[in-house]
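As stored in coords26.tsv (TSV, C-alpha atoms):
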chain	number	residue	atom	x	y	z
F	1	MET	CA	-36.31	-72.65	7.00
F	2	ALA	CA	-39.37	-73.05	4.78
F	3	ASP	CA	-38.69	-73.94	1.17
F	4	GLY	CA	-42.20	-73.47	-0.18
F	5	THR	CA	-43.38	-77.08	-0.55
F	6	GLU	CA	-42.74	-80.31	1.28
F	7	SER	CA	-41.66	-82.08	-1.92
F	8	GLU	CA	-38.82	-79.62	-2.44
F	9	GLN	CA	-37.24	-80.23	0.94
F	10	ALA	CA	-34.20	-82.48	0.96
F	11	ALA	CA	-33.76	-85.07	3.67
F	12	VAL	CA	-32.28	-84.06	7.01
F	13	VAL	CA	-28.55	-84.53	7.48
F	14	VAL	CA	-27.80	-88.14	8.49
F	15	ASN	CA	-24.50	-89.28	10.01
F	16	GLY	CA	-22.79	-86.13	8.79
F	17	ASN	CA	-23.37	-86.95	5.10
F	18	PRO	CA	-25.39	-84.78	2.72
F	19	PRO	CA	-28.65	-86.40	1.56
F	20	GLN	CA	-29.43	-87.31	-2.04
F	21	LEU	CA	-31.27	-84.53	-3.85
F	22	THR	CA	-34.93	-85.10	-4.67
F	23	LYS	CA	-36.19	-84.74	-8.23
F	24	SER	CA	-37.48	-81.24	-7.60
F	25	ALA	CA	-34.22	-80.29	-5.86
F	26	ARG	CA	-32.29	-81.48	-8.92
F	27	LYS	CA	-34.55	-79.37	-11.14
F	28	LYS	CA	-33.91	-76.40	-8.88
F	29	LEU	CA	-30.15	-76.97	-9.10
F	30	LEU	CA	-30.31	-77.06	-12.90
F	31	LYS	CA	-32.29	-73.83	-12.84
F	32	GLN	CA	-29.64	-72.23	-10.63
F	33	GLU	CA	-26.92	-73.33	-13.05
F	34	ARG	CA	-28.80	-71.79	-15.98
F	35	GLN	CA	-29.27	-68.58	-14.01
F	36	ALA	CA	-25.56	-68.52	-13.17
F	37	ALA	CA	-24.67	-68.94	-16.85
F	38	ARG	CA	-27.00	-66.11	-17.87
F	39	LYS	CA	-25.58	-63.90	-15.14
F	40	ALA	CA	-22.04	-64.56	-16.37
F	41	GLU	CA	-23.12	-63.57	-19.89
F	42	ARG	CA	-24.73	-60.38	-18.60
F	43	LYS	CA	-21.60	-59.54	-16.64
F	44	VAL	CA	-19.40	-59.91	-19.74
F	45	ALA	CA	-21.79	-57.77	-21.78
F	46	GLU	CA	-21.91	-55.09	-19.09
F	47	LYS	CA	-18.12	-55.06	-18.82
F	48	GLU	CA	-17.83	-54.52	-22.57
F	49	ARG	CA	-20.44	-51.76	-22.45
F	50	ARG	CA	-18.50	-49.99	-19.70
F	51	ARG	CA	-15.24	-50.27	-21.60
F	52	ALA	CA	-16.90	-48.86	-24.71
F	53	ASP	CA	-18.29	-45.99	-22.65
F	54	ILE	CA	-14.83	-45.21	-21.24
F	55	GLU	CA	-13.35	-45.21	-24.73
F	56	ARG	CA	-16.14	-42.99	-26.06
F	57	ARG	CA	-15.62	-40.40	-23.32
F	58	ARG	CA	-11.85	-40.51	-23.83
F	59	ARG	CA	-12.30	-39.77	-27.52
F	60	GLU	CA	-14.71	-36.95	-26.74
F	61	TRP	CA	-12.19	-35.41	-24.35
F	62	GLU	CA	-9.38	-35.63	-26.88
F	63	GLU	CA	-11.63	-34.11	-29.56
F	64	SER	CA	-12.56	-31.28	-27.20
F	65	LEU	CA	-8.89	-30.54	-26.57
F	66	ALA	CA	-8.11	-30.65	-30.25
F	67	ALA	CA	-10.97	-28.26	-30.96
F	68	ALA	CA	-9.77	-25.67	-28.43
F	69	PRO	CA	-9.53	-22.30	-30.19
F	70	SER	CA	-6.12	-21.52	-28.76
F	71	GLU	CA	-3.29	-22.94	-26.71
F	72	GLU	CA	-4.43	-20.77	-23.81
F	73	ALA	CA	-7.92	-22.24	-23.95
F	74	ARG	CA	-6.43	-25.73	-24.05
F	75	GLU	CA	-4.33	-25.01	-20.96
F	76	GLU	CA	-7.42	-23.73	-19.15
F	77	MET	CA	-9.29	-26.93	-19.96
F	78	LEU	CA	-6.43	-29.06	-18.66
F	79	ALA	CA	-6.14	-26.96	-15.49
F	80	ALA	CA	-9.87	-27.24	-14.81
F	81	ARG	CA	-9.67	-30.99	-15.31
F	82	ARG	CA	-6.73	-31.30	-12.90
F	83	GLU	CA	-8.55	-29.22	-10.29
F	84	THR	CA	-11.68	-31.37	-10.56
F	85	ARG	CA	-9.57	-34.49	-10.17
F	86	LEU	CA	-7.76	-33.13	-7.09
F	87	GLU	CA	-11.08	-32.21	-5.48
F	88	ARG	CA	-12.39	-35.70	-6.07
F	89	VAL	CA	-9.27	-37.31	-4.66
F	90	GLY	CA	-9.42	-35.06	-1.59
F	91	LYS	CA	-13.04	-35.96	-1.02
F	92	ARG	CA	-12.22	-39.67	-1.20
F	93	VAL	CA	-9.37	-39.32	1.27
F	94	GLU	CA	-11.68	-37.49	3.66
F	95	GLU	CA	-14.42	-40.10	3.30
F	96	ARG	CA	-11.93	-42.92	3.80
F	97	GLY	CA	-10.68	-41.33	7.01
F	98	ALA	CA	-14.23	-40.88	8.29
F	99	ARG	CA	-15.05	-44.54	7.55
F	100	ALA	CA	-11.93	-45.72	9.36
F	101	GLU	CA	-12.82	-43.61	12.39
F	102	ARG	CA	-16.37	-45.00	12.51
F	103	LEU	CA	-15.06	-48.55	12.29
F	104	ARG	CA	-12.52	-47.92	15.04
F	105	ARG	CA	-15.21	-46.53	17.34
F	106	ALA	CA	-17.37	-49.58	16.63
F	107	ALA	CA	-14.48	-51.90	17.53
F	108	GLU	CA	-13.92	-49.98	20.76
F	109	GLY	CA	-17.43	-50.79	21.97
F	110	ALA	CA	-19.82	-48.52	20.12
F	111	GLY	CA	-20.89	-51.15	17.59
F	112	GLN	CA	-23.18	-54.16	17.81
F	113	LYS	CA	-21.04	-57.32	17.84
F	114	VAL	CA	-21.73	-59.51	14.79
F	115	VAL	CA	-19.82	-62.69	13.98
F	116	LEU	CA	-19.51	-64.35	10.59
F	117	ASP	CA	-18.97	-68.04	11.37
F	118	LEU	CA	-16.53	-69.46	8.81
F	119	GLU	CA	-16.26	-72.98	10.22
F	120	PHE	CA	-18.19	-74.63	7.37
F	121	ALA	CA	-15.49	-74.50	4.70
F	122	ASP	CA	-15.15	-78.28	4.55
F	123	LEU	CA	-18.83	-78.58	3.56
F	124	MET	CA	-18.59	-76.28	0.56
F	125	ARG	CA	-17.45	-76.64	-3.02
F	126	PRO	CA	-14.83	-74.27	-4.48
F	127	ASN	CA	-17.43	-72.12	-6.23
F	128	GLU	CA	-19.40	-71.87	-2.99
F	129	LEU	CA	-16.30	-70.80	-1.06
F	130	HIS	CA	-15.77	-68.12	-3.67
F	131	SER	CA	-19.39	-67.01	-3.36
F	132	LEU	CA	-19.07	-66.75	0.42
F	133	THR	CA	-15.88	-64.73	0.06
F	134	GLN	CA	-17.74	-62.24	-2.13
F	135	GLN	CA	-20.46	-61.94	0.50
F	136	ILE	CA	-17.88	-61.27	3.21
F	137	MET	CA	-16.47	-58.48	1.05
F	138	TYR	CA	-19.93	-57.00	0.68
F	139	CYS	CA	-20.57	-57.18	4.44
F	140	TYR	CA	-17.39	-55.21	5.08
F	141	ALA	CA	-18.27	-52.63	2.43
F	142	VAL	CA	-21.79	-52.17	3.85
F	143	ASN	CA	-20.37	-51.86	7.35
F	144	GLY	CA	-17.94	-49.17	6.27
F	145	ARG	CA	-20.70	-47.11	4.66
F	146	SER	CA	-22.96	-47.37	7.70
F	147	ALA	CA	-23.26	-44.38	10.03
F	148	THR	CA	-23.49	-46.90	12.90
F	149	PRO	CA	-21.20	-49.78	11.89
F	150	ALA	CA	-21.10	-53.08	13.70
F	151	HIS	CA	-18.11	-54.52	15.50
F	152	LEU	CA	-17.60	-57.22	12.87
F	153	TRP	CA	-15.77	-60.49	13.53
F	154	LEU	CA	-14.59	-63.30	11.27
F	155	THR	CA	-14.12	-66.49	13.28
F	156	GLY	CA	-12.91	-69.89	12.14
F	157	CYS	CA	-10.89	-67.98	9.58
F	158	SER	CA	-8.37	-70.73	8.87
F	159	GLY	CA	-7.61	-73.49	6.39
F	160	GLU	CA	-9.12	-73.05	2.94
F	161	MET	CA	-11.45	-70.30	4.13
F	162	GLY	CA	-8.50	-68.41	5.55
F	163	THR	CA	-6.71	-68.78	2.23
F	164	GLN	CA	-9.73	-67.45	0.36
F	165	VAL	CA	-10.12	-64.30	2.45
F	166	GLN	CA	-6.39	-63.60	2.40
F	167	ARG	CA	-6.70	-63.27	-1.36
F	168	ILE	CA	-9.13	-60.38	-1.02
F	169	PRO	CA	-7.38	-57.19	-2.20
F	170	GLY	CA	-6.61	-55.01	0.82
F	171	PHE	CA	-7.78	-57.60	3.36
F	172	ASP	CA	-4.76	-56.96	5.57
F	173	LYS	CA	-5.91	-53.36	5.97
F	174	TRP	CA	-9.50	-54.18	6.92
F	175	ILE	CA	-10.62	-52.78	10.27
F	176	ILE	CA	-12.23	-56.01	11.42
F	177	GLU	CA	-11.56	-58.75	13.98
F	178	LYS	CA	-9.94	-61.80	12.35
F	179	GLU	CA	-9.85	-64.97	14.41
F	180	SER	CA	-8.55	-68.31	13.22
F	181	LYS	CA	-10.14	-70.01	16.23
F	182	PRO	CA	-13.88	-70.77	16.55
F	183	TYR	CA	-16.20	-68.22	18.15
F	184	LEU	CA	-16.65	-70.47	21.19
F	185	GLU	CA	-12.98	-69.96	21.96
F	186	ALA	CA	-12.91	-66.32	20.94
F	187	PHE	CA	-15.83	-65.57	23.28
F	188	ALA	CA	-15.18	-68.21	25.92
F	189	ASP	CA	-15.71	-65.69	28.73
F	190	CYS	CA	-19.16	-64.61	27.47
F	191	LYS	CA	-20.69	-67.72	25.94
F	192	GLU	CA	-24.04	-66.84	27.50
F	193	ASN	CA	-24.27	-63.82	25.21
F	194	LEU	CA	-23.85	-65.76	21.96
F	195	VAL	CA	-26.96	-65.90	19.74
F	196	TYR	CA	-26.92	-67.91	16.51
F	197	LEU	CA	-29.24	-66.54	13.81
F	198	THR	CA	-31.03	-69.40	12.07
F	199	ALA	CA	-34.50	-69.79	10.57
F	200	ASP	CA	-35.01	-73.05	12.49
F	201	ALA	CA	-34.92	-71.28	15.86
F	202	GLU	CA	-38.12	-71.07	17.90
F	203	THR	CA	-37.22	-67.66	19.32
F	204	VAL	CA	-38.12	-64.67	17.17
F	205	LEU	CA	-35.72	-61.75	17.35
F	206	ASP	CA	-37.79	-58.71	18.36
F	207	ASP	CA	-34.88	-56.36	19.03
F	208	LEU	CA	-31.09	-56.28	18.95
F	209	ASP	CA	-29.38	-56.33	22.32
F	210	MET	CA	-26.00	-54.57	22.51
F	211	SER	CA	-24.88	-57.06	25.14
F	212	LYS	CA	-25.44	-59.98	22.75
F	213	ILE	CA	-23.10	-61.31	20.08
F	214	TYR	CA	-25.06	-62.33	16.99
F	215	ILE	CA	-23.67	-65.08	14.77
F	216	ILE	CA	-24.40	-65.45	11.06
F	217	GLY	CA	-23.47	-68.83	9.62
F	218	GLY	CA	-21.15	-68.59	6.64
F	219	LEU	CA	-22.44	-71.47	4.54
F	220	VAL	CA	-23.34	-71.58	0.85
F	221	ASP	CA	-24.60	-75.10	0.24
F	222	ARG	CA	-27.45	-75.11	-2.33
F	223	ASN	CA	-29.83	-76.99	-0.02
F	224	ARG	CA	-27.53	-79.87	0.95
F	225	TRP	CA	-27.21	-79.17	4.69
F	226	LYS	CA	-30.63	-78.33	6.08
F	227	GLY	CA	-30.90	-77.46	9.77
F	228	ILE	CA	-27.15	-77.58	10.38
F	229	THR	CA	-26.84	-74.14	12.01
F	230	GLN	CA	-29.64	-74.77	14.50
F	231	LYS	CA	-28.16	-78.17	15.33
F	232	LYS	CA	-24.79	-76.53	15.88
F	233	ALA	CA	-26.30	-73.99	18.29
F	234	VAL	CA	-28.13	-76.71	20.23
F	235	ASP	CA	-25.05	-78.97	20.42
F	236	GLN	CA	-22.94	-76.06	21.68
F	237	GLY	CA	-25.53	-74.97	24.21
F	238	ILE	CA	-25.87	-71.42	22.91
F	239	GLN	CA	-28.97	-69.36	22.16
F	240	SER	CA	-30.54	-69.19	18.72
F	241	ALA	CA	-33.06	-66.83	17.15
F	242	ARG	CA	-34.61	-66.01	13.79
F	243	LEU	CA	-35.38	-62.72	12.14
F	244	PRO	CA	-39.07	-61.68	12.35
F	245	ILE	CA	-39.49	-61.58	8.59
F	246	GLY	CA	-42.77	-63.50	8.64
F	247	ASN	CA	-44.32	-60.75	10.75
F	248	TYR	CA	-43.87	-58.20	7.99
F	249	LEU	CA	-43.83	-59.85	4.57
F	250	LYS	CA	-44.36	-63.06	2.69
F	251	MET	CA	-41.52	-64.40	0.63
F	252	SER	CA	-42.79	-64.93	-2.91
F	253	SER	CA	-40.21	-67.32	-4.34
F	254	SER	CA	-36.83	-68.35	-3.01
F	255	GLN	CA	-37.14	-68.17	0.75
F	256	VAL	CA	-33.49	-67.69	1.58
F	257	LEU	CA	-31.23	-64.77	2.35
F	258	THR	CA	-27.54	-64.36	1.74
F	259	VAL	CA	-25.04	-63.70	4.51
F	260	ASN	CA	-24.66	-60.10	3.38
F	261	GLN	CA	-28.44	-59.59	3.25
F	262	VAL	CA	-28.86	-60.77	6.84
F	263	PHE	CA	-26.01	-58.52	7.94
F	264	GLU	CA	-27.40	-55.54	6.05
F	265	ILE	CA	-30.87	-56.09	7.54
F	266	MET	CA	-29.33	-55.97	11.01
F	267	GLN	CA	-27.44	-52.80	10.13
F	268	LYS	CA	-30.55	-51.15	8.77
F	269	PHE	CA	-32.48	-52.08	11.91
F	270	VAL	CA	-29.77	-50.55	14.11
F	271	GLU	CA	-30.13	-47.37	12.06
F	272	THR	CA	-33.95	-47.21	11.92
F	273	LYS	CA	-35.20	-49.39	14.80
F	274	ASP	CA	-37.82	-50.62	12.35
F	275	TRP	CA	-37.77	-54.22	11.07
F	276	GLU	CA	-40.21	-53.56	8.26
F	277	THR	CA	-38.07	-50.75	6.88
F	278	ALA	CA	-34.99	-52.96	7.16
F	279	PHE	CA	-36.59	-55.89	5.34
F	280	PHE	CA	-38.03	-53.82	2.51
F	281	HIS	CA	-34.77	-51.93	2.14
F	282	VAL	CA	-32.69	-55.10	1.73
F	283	ILE	CA	-34.81	-57.99	0.43
F	284	PRO	CA	-35.14	-57.87	-3.37
F	285	GLN	CA	-38.61	-57.11	-4.64
F	286	ARG	CA	-38.70	-60.35	-6.63
F	287	LYS	CA	-38.60	-62.26	-3.34
F	288	ARG	CA	-41.25	-60.22	-1.58
F	289	GLY	CA	-44.90	-61.23	-1.58
F	290	GLU	CA	-47.81	-59.98	0.49
F	291	ALA	CA	-47.19	-58.58	3.96
F	292	GLY	CA	-48.53	-60.20	7.10
F	293	ALA	CA	-47.69	-63.87	6.52
F	294	ALA	CA	-46.72	-64.68	10.08
F	295	ASP	CA	-45.82	-68.32	9.46
F	296	ASP	CA	-43.05	-67.70	6.96
F	297	GLU	CA	-39.47	-68.42	7.95
F	298	VAL	CA	-36.35	-67.37	6.13
F	299	GLU	CA	-32.95	-68.97	6.51
F	300	ALA	CA	-30.68	-66.40	8.10
F	301	SER	CA	-27.37	-68.15	7.84
F	302	MET	CA	-26.55	-68.83	4.24
F	303	GLY	CA	-26.11	-67.21	0.89
F	304	ASP	CA	-25.52	-67.81	-2.81
F	305	ASP	CA	-23.83	-66.16	-5.74
F	306	ALA	CA	-23.10	-62.70	-4.41
F	307	THR	CA	-20.54	-60.79	-6.48
F	308	LEU	CA	-18.53	-57.84	-5.28
F	309	GLU	CA	-15.32	-56.17	-6.26
F	310	GLY	CA	-13.56	-53.01	-5.27
F	311	THR	CA	-12.34	-53.35	-1.68
F	312	ALA	CA	-8.69	-53.04	-2.56
F	313	ASN	CA	-6.59	-51.03	-0.14
F	314	GLY	CA	-9.21	-51.46	2.56
F	315	ASP	CA	-11.53	-49.13	0.66
F	316	HIS	CA	-15.26	-49.54	0.23
F	317	PRO	CA	-17.27	-49.48	-2.95
F	318	GLU	CA	-19.57	-46.52	-3.45
F	319	GLY	CA	-23.08	-46.93	-4.80
F	320	ASP	CA	-26.42	-48.55	-4.12
F	321	VAL	CA	-26.32	-50.05	-0.62
F	322	ASP	CA	-29.06	-52.57	-1.40
F	323	LYS	CA	-27.64	-54.46	-4.28
F	324	CYS	CA	-24.67	-52.95	-6.02
F	325	SER	CA	-21.14	-51.91	-5.38
F	326	ASP	CA	-19.03	-49.72	-7.59
F	327	GLU	CA	-15.39	-50.10	-8.51
F	328	GLU	CA	-13.84	-47.09	-10.12
F	329	VAL	CA	-11.71	-47.72	-13.13
F	330	ASP	CA	-8.80	-45.40	-13.67
F	331	ASP	CA	-9.23	-43.32	-16.78
F	332	ASP	CA	-6.55	-40.67	-16.82
F	333	ASP	CA	-7.31	-39.77	-20.42
F	334	GLY	CA	-11.10	-39.65	-20.09
F	335	ALA	CA	-13.57	-36.93	-19.13
F	336	ASP	CA	-13.89	-36.04	-15.46
F	337	GLU	CA	-17.23	-34.30	-15.31
F	338	GLU	CA	-18.74	-37.17	-13.37
F	339	ASP	CA	-17.63	-38.30	-9.93
F	340	GLY	CA	-15.93	-41.52	-10.92
F	341	VAL	CA	-14.80	-41.73	-14.52
F	342	ALA	CA	-16.12	-45.22	-15.00
F	343	LYS	CA	-17.84	-47.68	-12.74
F	344	LYS	CA	-18.55	-51.35	-12.89
F	345	ARG	CA	-21.75	-52.17	-11.06
F	346	HIS	CA	-21.94	-55.68	-9.73
F	347	CYS	CA	-25.41	-56.57	-8.53
F	348	VAL	CA	-25.49	-58.89	-5.52
F	349	ARG	CA	-28.13	-61.32	-6.62
F	350	SER	CA	-29.06	-63.99	-4.10
F	351	GLU	CA	-30.45	-67.02	-5.84
F	352	ASN	CA	-31.49	-70.26	-4.17
F	353	GLY	CA	-29.41	-72.03	-1.49
F	354	LYS	CA	-29.56	-72.77	2.25
F	355	SER	CA	-27.62	-73.98	5.25
Could you write out this file's structure as structure tokens?
Amino acid sequence: MADGTESEQAAVVVNGNPPQLTKSARKKLLKQERQAARKAERKVAEKERRRADIERRRREWEESLAAAPSEEAREEMLAARRETRLERVGKRVEERGARAERLRRAAEGAGQKVVLDLEFADLMRPNELHSLTQQIMYCYAVNGRSATPAHLWLTGCSGEMGTQVQRIPGFDKWIIEKESKPYLEAFADCKENLVYLTADAETVLDDLDMSKIYIIGGLVDRNRWKGITQKKAVDQGIQSARLPIGNYLKMSSSQVLTVNQVFEIMQKFVETKDWETAFFHVIPQRKRGEAGAADDEVEASMGDDATLEGTANGDHPEGDVDKCSDEEVDDDDGADEEDGVAKKRHCVRSENGKS
């Protein structure tokens, strides 16, 4: 869990209370707040641009209809539009069924077991709980798109965290294991197979073992709770390990990964059996430095400010797997030449923060 410089590291957790932030940590927090404000402004601007684009295409469609040389030509245009729309709907239904089947097979034993540990809700602020909820949504969307999905579990899904995830549109239809009890109880009969992923672990994860159950800590804390996931693993007497990121690249700035990034790296490794490909596929370029820095460590159990929408009805967003998800906006009066009349792209940007 390297943070770049010794002066930027907050004190270790003492008596269960978060330490006071250092001067540089306070500066970093202010920077994060400015970045969050700029991101909110960009999101509003992008939303307005999308709405304007929808309205433009709607007007163009109406003008095209009005310019039809005859009523017969107009009817042909409408029929072609309806046919295109039906084809698109049919394709989505087919894709949704295929995703559900893949997820069911994963739950029946074909998928790597991955747990998102949601027992840290009492350590997070409301905005951090919201951020974690967005990352959970993204994990589920990525899993649904994967050709080899994981058998995904949410444990400790109770209290405020349980309330947050229940608000996710379509959550009741998710093909995922939902446990209100902690993972130690959920996997009481196979505790020896539990492996907590944390950057403070001494063991480097060289491969993924199908017999193991990998745990990703669900904690967005903006550097207040350093070392807490490793301490939890030690106190519970379970194994811990860290991703071998330092063997393949050097983190150039913020040396943290979000929950969804860690999950997606694991999914990409299952698909390719190549850590380097997985890291470069998932980790944003702005965070990547030179390859071959073997001493670097990256926190594998926290995240910050991920934004995702569009999982209503148990569906998954379509689009860039790395960073963006798409939510289609209904536009019955607009043009249908493109697959998806309008899309809002929400980039999952992981800024600073650790567990």
Subject >> Answer as a list of chain:residue names, residues within 7 Å of (-18.7, -71.7, 3.4) using only C-alpha atoms >> reply: F:Leu118, F:Phe120, F:Ala121, F:Leu123, F:Met124, F:Glu128, F:Leu129, F:Leu132, F:Gly218, F:Leu219, F:Val220
**OP:** Compile the contact shell of F:Ala278 as a ChimeraX atom specification: residues with an atom at most 10 Å away, counting only C-alpha atoms, same-chain residues fewer than 3 positions apart removed.
**Re:** /F:245,262,264-275,281-283
Subject >> Pairwise distance for atom CA of F:Gly227 and atom CA of F:Leu257, rounded to one decimal in Å >> reply: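 Computing the Euclidean distance for atom CA of F:Gly227 and atom CA of F:Leu257 yields 14.7 Å.
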**OP:** Name the closest residue to F:Arg105 among the candidates F:Ile176, F:Ser64, F:Arg81, F:Glu41; distances are taken between atoms, counting only C-alpha atoms.
**Re:**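 The closest residue to F:Arg105 is F:Ile176.
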Subject >> Residue among F:Pro169, F:Gly111, F:Ile228, F:Pro244 lying closest to F:Leu205, counting all atoms listed in the file >> reply: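 Of F:Pro169, F:Gly111, F:Ile228, F:Pro244, the one nearest F:Leu205 is F:Pro244, counting all atoms listed in the file.
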Original post:
Of the residues F:Gln239, F:Gln166, F:Ser180, F:Thr133, which is the one nearest to F:Asp200, using only C-alpha atoms?
Top reply: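 Once distances to F:Asp200 are computed over only C-alpha atoms, the minimum belongs to F:Gln239.
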**OP:** Tell me, as a ChimeraX atom specification, which residues lie within 10 Å of F:Phe280, counting all atoms listed in the file; anything in the same chain fewer than 4 positions away does not count.
**Re:** /F:245,248-249,265,275-276,284-285,288,322
**OP:** One decimal, Å: what's the distance from atom CA of F:Lys113 over to atom CA of F:Val195, could you say?
**Re:**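 Between these atoms lies a distance of 10.6 Å.
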As lines of an AutoDock Vina configuration file, please: the centre and edge lengths in Å, to one decimal, of an axis-aligned box enclosing every listed atom of stretch 214-225 of chain F with 5 Å added on each side.
center_x = -25.5
center_y = -71.1
center_z = 7.3
size_x = 18.7
size_y = 27.5
size_z = 29.3
Subject >> Computed interatomic separation between atom CA of F:Ile238 and atom CA of F:Tyr196 (Å) >> reply: 7.4 Å
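Closest to F:Phe263 among F:Val89, F:Leu243, F:Ala79, F:Ala188 is F:Leu243, based on all atoms listed in the file.
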**OP:** Measuring atom to atom with only C-alpha atoms, identify which of F:Leu78, F:Ala201, F:Leu154, F:Leu116 is nearest to F:Ile175.
**Re:** F:Leu154
